[in-house]
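J.: Input protein-v5.pdb, format and content: PDB, C-alpha atoms.
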```
MODEL        1
ATOM      1  CA  MET A   1     -37.741 116.118  77.379  1.00  0.00           C
ATOM      2  CA  ARG A   2     -36.698 112.676  78.596  1.00  0.00           C
ATOM      3  CA  ALA A   3     -33.099 113.840  79.226  1.00  0.00           C
ATOM      4  CA  ALA A   4     -34.373 116.796  81.234  1.00  0.00           C
ATOM      5  CA  ALA A   5     -36.528 114.489  83.366  1.00  0.00           C
ATOM      6  CA  ILE A   6     -33.575 112.195  84.060  1.00  0.00           C
ATOM      7  CA  LEU A   7     -31.423 115.189  85.015  1.00  0.00           C
ATOM      8  CA  LEU A   8     -34.143 116.405  87.390  1.00  0.00           C
ATOM      9  CA  ILE A   9     -34.373 112.996  89.080  1.00  0.00           C
ATOM     10  CA  CYS A  10     -30.584 112.781  89.491  1.00  0.00           C
ATOM     11  CA  SER A  11     -30.430 116.283  90.946  1.00  0.00           C
ATOM     12  CA  ALA A  12     -33.140 115.448  93.463  1.00  0.00           C
ATOM     13  CA  ALA A  13     -31.347 112.278  94.491  1.00  0.00           C
ATOM     14  CA  LEU A  14     -28.093 114.122  95.042  1.00  0.00           C
ATOM     15  CA  SER A  15     -29.757 116.806  97.138  1.00  0.00           C
ATOM     16  CA  GLY A  16     -31.522 114.319  99.429  1.00  0.00           C
ATOM     17  CA  PRO A  17     -30.153 112.388 102.404  1.00  0.00           C
ATOM     18  CA  ARG A  18     -27.212 110.138 101.696  1.00  0.00           C
ATOM     19  CA  PHE A  19     -28.061 106.520 100.936  1.00  0.00           C
ATOM     20  CA  ILE A  20     -26.675 104.167 103.566  1.00  0.00           C
ATOM     21  CA  ARG A  21     -26.744 100.420 103.093  1.00  0.00           C
ATOM     22  CA  SER A  22     -28.743  98.299 105.499  1.00  0.00           C
ATOM     23  CA  PRO A  23     -26.891  96.502 108.329  1.00  0.00           C
ATOM     24  CA  GLU A  24     -28.226  93.134 107.169  1.00  0.00           C
ATOM     25  CA  ARG A  25     -26.650  93.485 103.718  1.00  0.00           C
ATOM     26  CA  LEU A  26     -23.356  94.659 105.114  1.00  0.00           C
ATOM     27  CA  ALA A  27     -23.154  91.847 107.672  1.00  0.00           C
ATOM     28  CA  LEU A  28     -23.556  89.334 104.862  1.00  0.00           C
ATOM     29  CA  GLN A  29     -20.782  90.995 102.859  1.00  0.00           C
ATOM     30  CA  ASP A  30     -18.073  90.969 105.532  1.00  0.00           C
ATOM     31  CA  THR A  31     -17.958  89.087 108.816  1.00  0.00           C
ATOM     32  CA  SER A  32     -14.265  89.478 109.585  1.00  0.00           C
ATOM     33  CA  ARG A  33     -13.495  88.482 113.140  1.00  0.00           C
ATOM     34  CA  GLU A  34     -11.376  91.587 113.670  1.00  0.00           C
ATOM     35  CA  PHE A  35     -10.729  94.805 111.760  1.00  0.00           C
ATOM     36  CA  ARG A  36      -9.321  98.235 112.502  1.00  0.00           C
ATOM     37  CA  VAL A  37     -10.828 101.661 112.069  1.00  0.00           C
ATOM     38  CA  ARG A  38      -8.861 104.901 111.924  1.00  0.00           C
ATOM     39  CA  LEU A  39     -10.528 108.064 113.160  1.00  0.00           C
ATOM     40  CA  ASP A  40      -8.818 111.151 111.778  1.00  0.00           C
ATOM     41  CA  THR A  41      -9.721 113.911 114.213  1.00  0.00           C
ATOM     42  CA  SER A  42      -8.893 117.584 114.626  1.00  0.00           C
ATOM     43  CA  LYS A  43      -6.484 116.536 117.402  1.00  0.00           C
ATOM     44  CA  GLY A  44      -4.848 113.644 115.522  1.00  0.00           C
ATOM     45  CA  PRO A  45      -5.539 109.988 114.639  1.00  0.00           C
ATOM     46  CA  ILE A  46      -7.181 107.355 116.836  1.00  0.00           C
ATOM     47  CA  VAL A  47      -7.039 103.678 115.817  1.00  0.00           C
ATOM     48  CA  ILE A  48      -9.682 101.259 117.088  1.00  0.00           C
ATOM     49  CA  ALA A  49      -9.382  97.467 116.916  1.00  0.00           C
ATOM     50  CA  VAL A  50     -12.900  96.103 116.469  1.00  0.00           C
ATOM     51  CA  HIS A  51     -13.509  92.566 117.742  1.00  0.00           C
ATOM     52  CA  ARG A  52     -16.577  90.982 116.210  1.00  0.00           C
ATOM     53  CA  ASP A  53     -16.501  88.107 118.704  1.00  0.00           C
ATOM     54  CA  TRP A  54     -16.959  90.648 121.520  1.00  0.00           C
ATOM     55  CA  ALA A  55     -20.162  92.123 120.076  1.00  0.00           C
ATOM     56  CA  PRO A  56     -21.153  90.984 116.570  1.00  0.00           C
ATOM     57  CA  HIS A  57     -24.173  93.276 116.183  1.00  0.00           C
ATOM     58  CA  GLY A  58     -22.223  96.296 117.404  1.00  0.00           C
ATOM     59  CA  ALA A  59     -19.177  95.504 115.267  1.00  0.00           C
ATOM     60  CA  ASP A  60     -21.269  95.025 112.129  1.00  0.00           C
ATOM     61  CA  ARG A  61     -23.145  98.286 112.663  1.00  0.00           C
ATOM     62  CA  PHE A  62     -19.934 100.212 113.315  1.00  0.00           C
ATOM     63  CA  ARG A  63     -18.324  98.829 110.158  1.00  0.00           C
ATOM     64  CA  GLU A  64     -21.377  99.715 108.111  1.00  0.00           C
ATOM     65  CA  LEU A  65     -21.521 103.289 109.351  1.00  0.00           C
ATOM     66  CA  VAL A  66     -17.794 103.833 108.867  1.00  0.00           C
ATOM     67  CA  THR A  67     -17.892 102.364 105.343  1.00  0.00           C
ATOM     68  CA  ALA A  68     -20.880 104.532 104.454  1.00  0.00           C
ATOM     69  CA  GLY A  69     -19.147 107.707 105.645  1.00  0.00           C
ATOM     70  CA  TYR A  70     -21.723 108.319 108.365  1.00  0.00           C
ATOM     71  CA  TYR A  71     -19.116 109.474 110.888  1.00  0.00           C
ATOM     72  CA  ASP A  72     -17.249 111.805 108.524  1.00  0.00           C
ATOM     73  CA  ASP A  73     -17.353 115.453 109.608  1.00  0.00           C
ATOM     74  CA  ASN A  74     -18.995 114.603 112.951  1.00  0.00           C
ATOM     75  CA  ARG A  75     -18.441 116.481 116.197  1.00  0.00           C
ATOM     76  CA  PHE A  76     -17.298 115.019 119.505  1.00  0.00           C
ATOM     77  CA  PHE A  77     -20.331 116.593 121.131  1.00  0.00           C
ATOM     78  CA  ARG A  78     -20.079 114.940 124.541  1.00  0.00           C
ATOM     79  CA  VAL A  79     -16.626 114.924 126.062  1.00  0.00           C
ATOM     80  CA  VAL A  80     -16.266 114.766 129.835  1.00  0.00           C
ATOM     81  CA  LYS A  81     -12.625 114.888 130.897  1.00  0.00           C
ATOM     82  CA  GLY A  82     -11.496 111.635 132.448  1.00  0.00           C
ATOM     83  CA  GLN A  83     -14.855 109.979 131.685  1.00  0.00           C
ATOM     84  CA  TRP A  84     -15.824 109.536 128.032  1.00  0.00           C
ATOM     85  CA  ALA A  85     -15.684 111.016 124.540  1.00  0.00           C
ATOM     86  CA  GLN A  86     -18.883 110.521 122.538  1.00  0.00           C
ATOM     87  CA  PHE A  87     -19.743 111.044 118.870  1.00  0.00           C
ATOM     88  CA  GLY A  88     -22.177 109.686 116.320  1.00  0.00           C
ATOM     89  CA  ILE A  89     -24.920 112.185 115.478  1.00  0.00           C
ATOM     90  CA  ASN A  90     -24.466 112.932 111.802  1.00  0.00           C
ATOM     91  CA  GLY A  91     -23.968 116.594 110.909  1.00  0.00           C
ATOM     92  CA  ASP A  92     -26.777 116.478 108.333  1.00  0.00           C
ATOM     93  CA  PRO A  93     -30.102 116.426 110.259  1.00  0.00           C
ATOM     94  CA  ARG A  94     -31.765 114.434 107.467  1.00  0.00           C
ATOM     95  CA  VAL A  95     -29.236 111.609 107.740  1.00  0.00           C
ATOM     96  CA  ALA A  96     -29.208 111.680 111.547  1.00  0.00           C
ATOM     97  CA  THR A  97     -32.997 111.409 111.627  1.00  0.00           C
ATOM     98  CA  GLN A  98     -32.987 108.507 109.140  1.00  0.00           C
ATOM     99  CA  TRP A  99     -30.823 106.505 111.512  1.00  0.00           C
ATOM    100  CA  ARG A 100     -32.250 107.553 114.857  1.00  0.00           C
ATOM    101  CA  ALA A 101     -34.774 104.704 114.966  1.00  0.00           C
ATOM    102  CA  ARG A 102     -32.715 102.033 113.155  1.00  0.00           C
ATOM    103  CA  THR A 103     -31.818  99.967 116.177  1.00  0.00           C
ATOM    104  CA  ILE A 104     -29.780  96.790 116.493  1.00  0.00           C
ATOM    105  CA  PRO A 105     -30.264  93.925 118.979  1.00  0.00           C
ATOM    106  CA  ASP A 106     -28.303  93.860 122.202  1.00  0.00           C
ATOM    107  CA  ASP A 107     -25.096  91.842 122.314  1.00  0.00           C
ATOM    108  CA  PRO A 108     -24.438  89.595 125.325  1.00  0.00           C
ATOM    109  CA  ARG A 109     -22.198  90.941 128.063  1.00  0.00           C
ATOM    110  CA  GLY A 110     -18.582  89.958 127.671  1.00  0.00           C
ATOM    111  CA  GLN A 111     -15.746  92.476 127.830  1.00  0.00           C
ATOM    112  CA  SER A 112     -15.669  95.188 130.485  1.00  0.00           C
ATOM    113  CA  ASN A 113     -15.817  98.936 129.913  1.00  0.00           C
ATOM    114  CA  VAL A 114     -12.266  99.612 131.016  1.00  0.00           C
ATOM    115  CA  ARG A 115     -10.210 102.569 129.805  1.00  0.00           C
ATOM    116  CA  GLY A 116      -9.841 102.626 126.029  1.00  0.00           C
ATOM    117  CA  ARG A 117     -12.829 100.429 125.262  1.00  0.00           C
ATOM    118  CA  VAL A 118     -15.351 101.563 122.658  1.00  0.00           C
ATOM    119  CA  ALA A 119     -19.097 100.895 122.934  1.00  0.00           C
ATOM    120  CA  PHE A 120     -22.435 102.137 121.658  1.00  0.00           C
ATOM    121  CA  ALA A 121     -24.452 104.477 123.816  1.00  0.00           C
ATOM    122  CA  PHE A 122     -28.137 103.651 124.228  1.00  0.00           C
ATOM    123  CA  ARG A 123     -31.179 104.326 126.379  1.00  0.00           C
ATOM    124  CA  ASP A 124     -33.508 101.339 125.982  1.00  0.00           C
ATOM    125  CA  PRO A 125     -32.824  97.593 125.579  1.00  0.00           C
ATOM    126  CA  ASN A 126     -32.120  96.683 121.951  1.00  0.00           C
ATOM    127  CA  GLY A 127     -31.859 100.399 121.281  1.00  0.00           C
ATOM    128  CA  ARG A 128     -28.352 100.978 119.900  1.00  0.00           C
ATOM    129  CA  THR A 129     -28.166 103.014 116.693  1.00  0.00           C
ATOM    130  CA  THR A 130     -25.164 105.238 115.824  1.00  0.00           C
ATOM    131  CA  GLN A 131     -23.756 106.954 118.921  1.00  0.00           C
ATOM    132  CA  VAL A 132     -20.420 105.660 120.192  1.00  0.00           C
ATOM    133  CA  TYR A 133     -18.179 106.570 123.110  1.00  0.00           C
ATOM    134  CA  ILE A 134     -14.566 105.951 124.076  1.00  0.00           C
ATOM    135  CA  ALA A 135     -14.032 105.216 127.764  1.00  0.00           C
ATOM    136  CA  LEU A 136     -11.411 107.612 129.099  1.00  0.00           C
ATOM    137  CA  LYS A 137     -11.208 105.703 132.386  1.00  0.00           C
ATOM    138  CA  ASP A 138     -12.407 102.410 133.832  1.00  0.00           C
ATOM    139  CA  LEU A 139     -16.198 102.655 133.511  1.00  0.00           C
ATOM    140  CA  SER A 140     -16.927  99.007 134.250  1.00  0.00           C
ATOM    141  CA  ASP A 141     -18.787  99.950 137.427  1.00  0.00           C
ATOM    142  CA  PRO A 142     -21.677 100.573 136.759  1.00  0.00           C
ATOM    143  CA  GLN A 143     -21.703 100.363 132.953  1.00  0.00           C
ATOM    144  CA  ASP A 144     -21.072  96.643 132.659  1.00  0.00           C
ATOM    145  CA  ALA A 145     -24.191  95.903 134.708  1.00  0.00           C
ATOM    146  CA  GLN A 146     -26.173  98.465 132.692  1.00  0.00           C
ATOM    147  CA  GLY A 147     -25.564  96.560 129.456  1.00  0.00           C
ATOM    148  CA  PHE A 148     -22.962  98.698 127.702  1.00  0.00           C
ATOM    149  CA  VAL A 149     -21.049  96.118 125.654  1.00  0.00           C
ATOM    150  CA  PRO A 150     -17.680  97.101 124.150  1.00  0.00           C
ATOM    151  CA  PHE A 151     -17.116  96.102 120.538  1.00  0.00           C
ATOM    152  CA  GLY A 152     -13.585  97.473 120.259  1.00  0.00           C
ATOM    153  CA  GLU A 153     -10.634  99.147 121.929  1.00  0.00           C
ATOM    154  CA  VAL A 154      -8.285 102.007 121.165  1.00  0.00           C
ATOM    155  CA  ILE A 155      -4.885 100.564 120.263  1.00  0.00           C
ATOM    156  CA  ASP A 156      -3.250 103.801 119.157  1.00  0.00           C
ATOM    157  CA  GLY A 157      -4.058 107.438 119.890  1.00  0.00           C
ATOM    158  CA  MET A 158      -5.453 107.204 123.402  1.00  0.00           C
ATOM    159  CA  ASN A 159      -3.541 110.407 124.131  1.00  0.00           C
ATOM    160  CA  VAL A 160      -5.574 112.018 121.341  1.00  0.00           C
ATOM    161  CA  ALA A 161      -8.840 110.840 122.898  1.00  0.00           C
ATOM    162  CA  ASP A 162      -7.720 112.273 126.247  1.00  0.00           C
ATOM    163  CA  ALA A 163      -6.953 115.616 124.578  1.00  0.00           C
ATOM    164  CA  LEU A 164     -10.363 116.111 122.905  1.00  0.00           C
ATOM    165  CA  ASN A 165     -11.930 119.394 123.986  1.00  0.00           C
ATOM    166  CA  SER A 166     -14.008 118.835 127.121  1.00  0.00           C
ATOM    167  CA  GLU A 167     -14.849 122.444 127.985  1.00  0.00           C
ATOM    168  CA  TYR A 168     -18.542 122.014 127.120  1.00  0.00           C
ATOM    169  CA  GLY A 169     -19.015 118.744 129.013  1.00  0.00           C
ATOM    170  CA  GLU A 170     -22.635 117.598 128.874  1.00  0.00           C
ATOM    171  CA  THR A 171     -24.022 120.918 127.616  1.00  0.00           C
ATOM    172  CA  ALA A 172     -23.461 120.368 123.876  1.00  0.00           C
ATOM    173  CA  GLY A 173     -25.881 117.462 123.699  1.00  0.00           C
ATOM    174  CA  GLY A 174     -25.376 115.228 126.692  1.00  0.00           C
ATOM    175  CA  GLY A 175     -26.142 111.536 126.736  1.00  0.00           C
ATOM    176  CA  ILE A 176     -29.096 109.773 125.153  1.00  0.00           C
ATOM    177  CA  ARG A 177     -30.659 109.086 128.529  1.00  0.00           C
ATOM    178  CA  ALA A 178     -30.651 112.754 129.504  1.00  0.00           C
ATOM    179  CA  GLY A 179     -33.080 113.564 126.690  1.00  0.00           C
ATOM    180  CA  THR A 180     -31.299 116.770 125.695  1.00  0.00           C
ATOM    181  CA  GLN A 181     -30.090 115.917 122.180  1.00  0.00           C
ATOM    182  CA  GLN A 182     -32.994 117.200 120.091  1.00  0.00           C
ATOM    183  CA  SER A 183     -31.242 120.456 119.186  1.00  0.00           C
ATOM    184  CA  VAL A 184     -28.320 118.452 117.785  1.00  0.00           C
ATOM    185  CA  PHE A 185     -30.625 116.261 115.696  1.00  0.00           C
ATOM    186  CA  ASP A 186     -32.561 119.290 114.459  1.00  0.00           C
ATOM    187  CA  GLY A 187     -29.615 121.584 113.760  1.00  0.00           C
ATOM    188  CA  GLY A 188     -26.700 119.244 113.042  1.00  0.00           C
ATOM    189  CA  ASN A 189     -23.243 120.694 112.543  1.00  0.00           C
ATOM    190  CA  ALA A 190     -24.625 124.159 111.869  1.00  0.00           C
ATOM    191  CA  TYR A 191     -26.095 124.267 115.376  1.00  0.00           C
ATOM    192  CA  LEU A 192     -23.048 122.769 117.083  1.00  0.00           C
ATOM    193  CA  ASP A 193     -20.589 124.993 115.235  1.00  0.00           C
ATOM    194  CA  ARG A 194     -22.589 128.082 116.125  1.00  0.00           C
ATOM    195  CA  GLU A 195     -23.236 127.301 119.798  1.00  0.00           C
ATOM    196  CA  PHE A 196     -20.136 125.233 120.645  1.00  0.00           C
ATOM    197  CA  PRO A 197     -17.507 126.370 118.136  1.00  0.00           C
ATOM    198  CA  ARG A 198     -14.496 124.744 119.793  1.00  0.00           C
ATOM    199  CA  LEU A 199     -15.757 121.166 119.724  1.00  0.00           C
ATOM    200  CA  ASP A 200     -13.258 118.789 118.186  1.00  0.00           C
ATOM    201  CA  ARG A 201     -14.154 117.151 114.886  1.00  0.00           C
ATOM    202  CA  LEU A 202     -14.062 113.620 113.599  1.00  0.00           C
ATOM    203  CA  VAL A 203     -12.837 114.505 110.122  1.00  0.00           C
ATOM    204  CA  LYS A 204     -12.981 111.026 108.585  1.00  0.00           C
ATOM    205  CA  ALA A 205     -13.420 107.423 109.710  1.00  0.00           C
ATOM    206  CA  THR A 206     -11.856 104.680 107.599  1.00  0.00           C
ATOM    207  CA  VAL A 207     -11.724 100.883 107.742  1.00  0.00           C
ATOM    208  CA  MET A 208      -8.004 100.139 107.495  1.00  0.00           C
ATOM    209  CA  ARG A 209      -6.855  97.641 104.876  1.00  0.00           C
TER
ENDMDL
END
```
What is this file in structure tokens?
T.:
Amino acid sequence: MRAAAILLICSAALSGPRFIRSPERLALQDTSREFRVRLDTSKGPIVIAVHRDWAPHGADRFRELVTAGYYDDNRFFRVVKGQWAQFGINGDPRVATQWRARTIPDDPRGQSNVRGRVAFAFRDPNGRTTQVYIALKDLSDPQDAQGFVPFGEVIDGMNVADALNSEYGETAGGGIRAGTQQSVFDGGNAYLDREFPRLDRLVKATVMR
């Protein structure tokens, strides 16, 4: 009877949302000044150099999410050619919802949002969570003044970022501020794959050793 109960508990745990460590615990574990993250995408690899001194809160959150596998099997749901390529809504609605309200504090302005820089998208002050974009052109005006703080930069694979499928533009989810992402949070990859089947995928994100 006891063994059956343990098996039932384990099965329930495995079927629930993935456990993701808290940002506070991760930040205490590793505060490297710089690290690199490889994004293996359906178009090829993109390598990002993350600079913690640019944006410590943003860098720590990005490392945590990558290490936890949050970005694996994501969709680049907002790609506007010559503007930005955005990802970061988990394909499992349960996991995406868990993280939707887990915000981090703003980082002070420092680096500019020039081409190749990587920053968190957000709507409200101190409201960054999981969504990230790659600047496909110089976005410093007006994004620097709006508080978008880069935490990293693409050092290899910018041609891959440029090639990500942009045919759907803003229609597959849009930006946080547009308020049109609920269908993505509710339906996850199943919704995106059904309605926007040619979106490019972020297959796996890895902290490089």
J.: How many Å separate CA of Ala49 in chain A from CA of Gly116 in chain A?
T.: 10.5 Å
J.: Taking only C-alpha atoms into account, name the residue in A:Gln83, A:Arg177, A:Phe76, A:Ala163 that is nearest to Asp124 in chain A.
T.: A:Arg177
J.: Could you tell me which residues the PyMOL selection byres ((chain A and resi 168) around 9) returns for this structure, as a VMD selection string?
T.: chain A and resid 77 to 80 165 to 167 169 to 172 196 198 to 199
J.: Determine, counting all atoms listed in the file, which protein, DNA and RNA residues have an atom within 12 Å of an atom of Gly147 in chain A; residues of the same chain fewer than 3 positions away are not included. Present the result as a VMD selection string.
T.: chain A and resid 55 105 to 113 119 to 128 139 to 144 150
J.: I'd like the neighbourhood of Lys204 in chain A as a count of residues only, where a residue qualifies if any of its atoms comes within 7 Å (using only C-alpha atoms), though same-chain residues fewer than 3 positions away should be ignored.
T.: 5
J.: Would you please work out which residue, of A:Gly82, A:Gly174, A:Gly157, A:Gly187, is nearest to Gly44 in chain A when using only C-alpha atoms?
T.: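 Of the candidates, the smallest distance to Gly44 in chain A is held by A:Gly157.
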J.: One decimal, Å: what's the distance from CA of Asp53 in chain A over to CA of Ile134 in chain A, could you say?
T.: 18.7 Å
J.: Would you please work out which residue, of A:Asn159, A:Gln181, A:Ser42, A:Asn74, is nearest to Asp92 in chain A when using all atoms listed in the file?
T.: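 Smallest separation from Asp92 in chain A among the options: A:Asn74.
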J.: To one decimal in Å, tell me the separation between CA of Leu65 in chain A and CA of Val95 in chain A.
T.: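 So the two atoms, CA of Leu65 in chain A and CA of Val95 in chain A, lie 11.5 Å apart.
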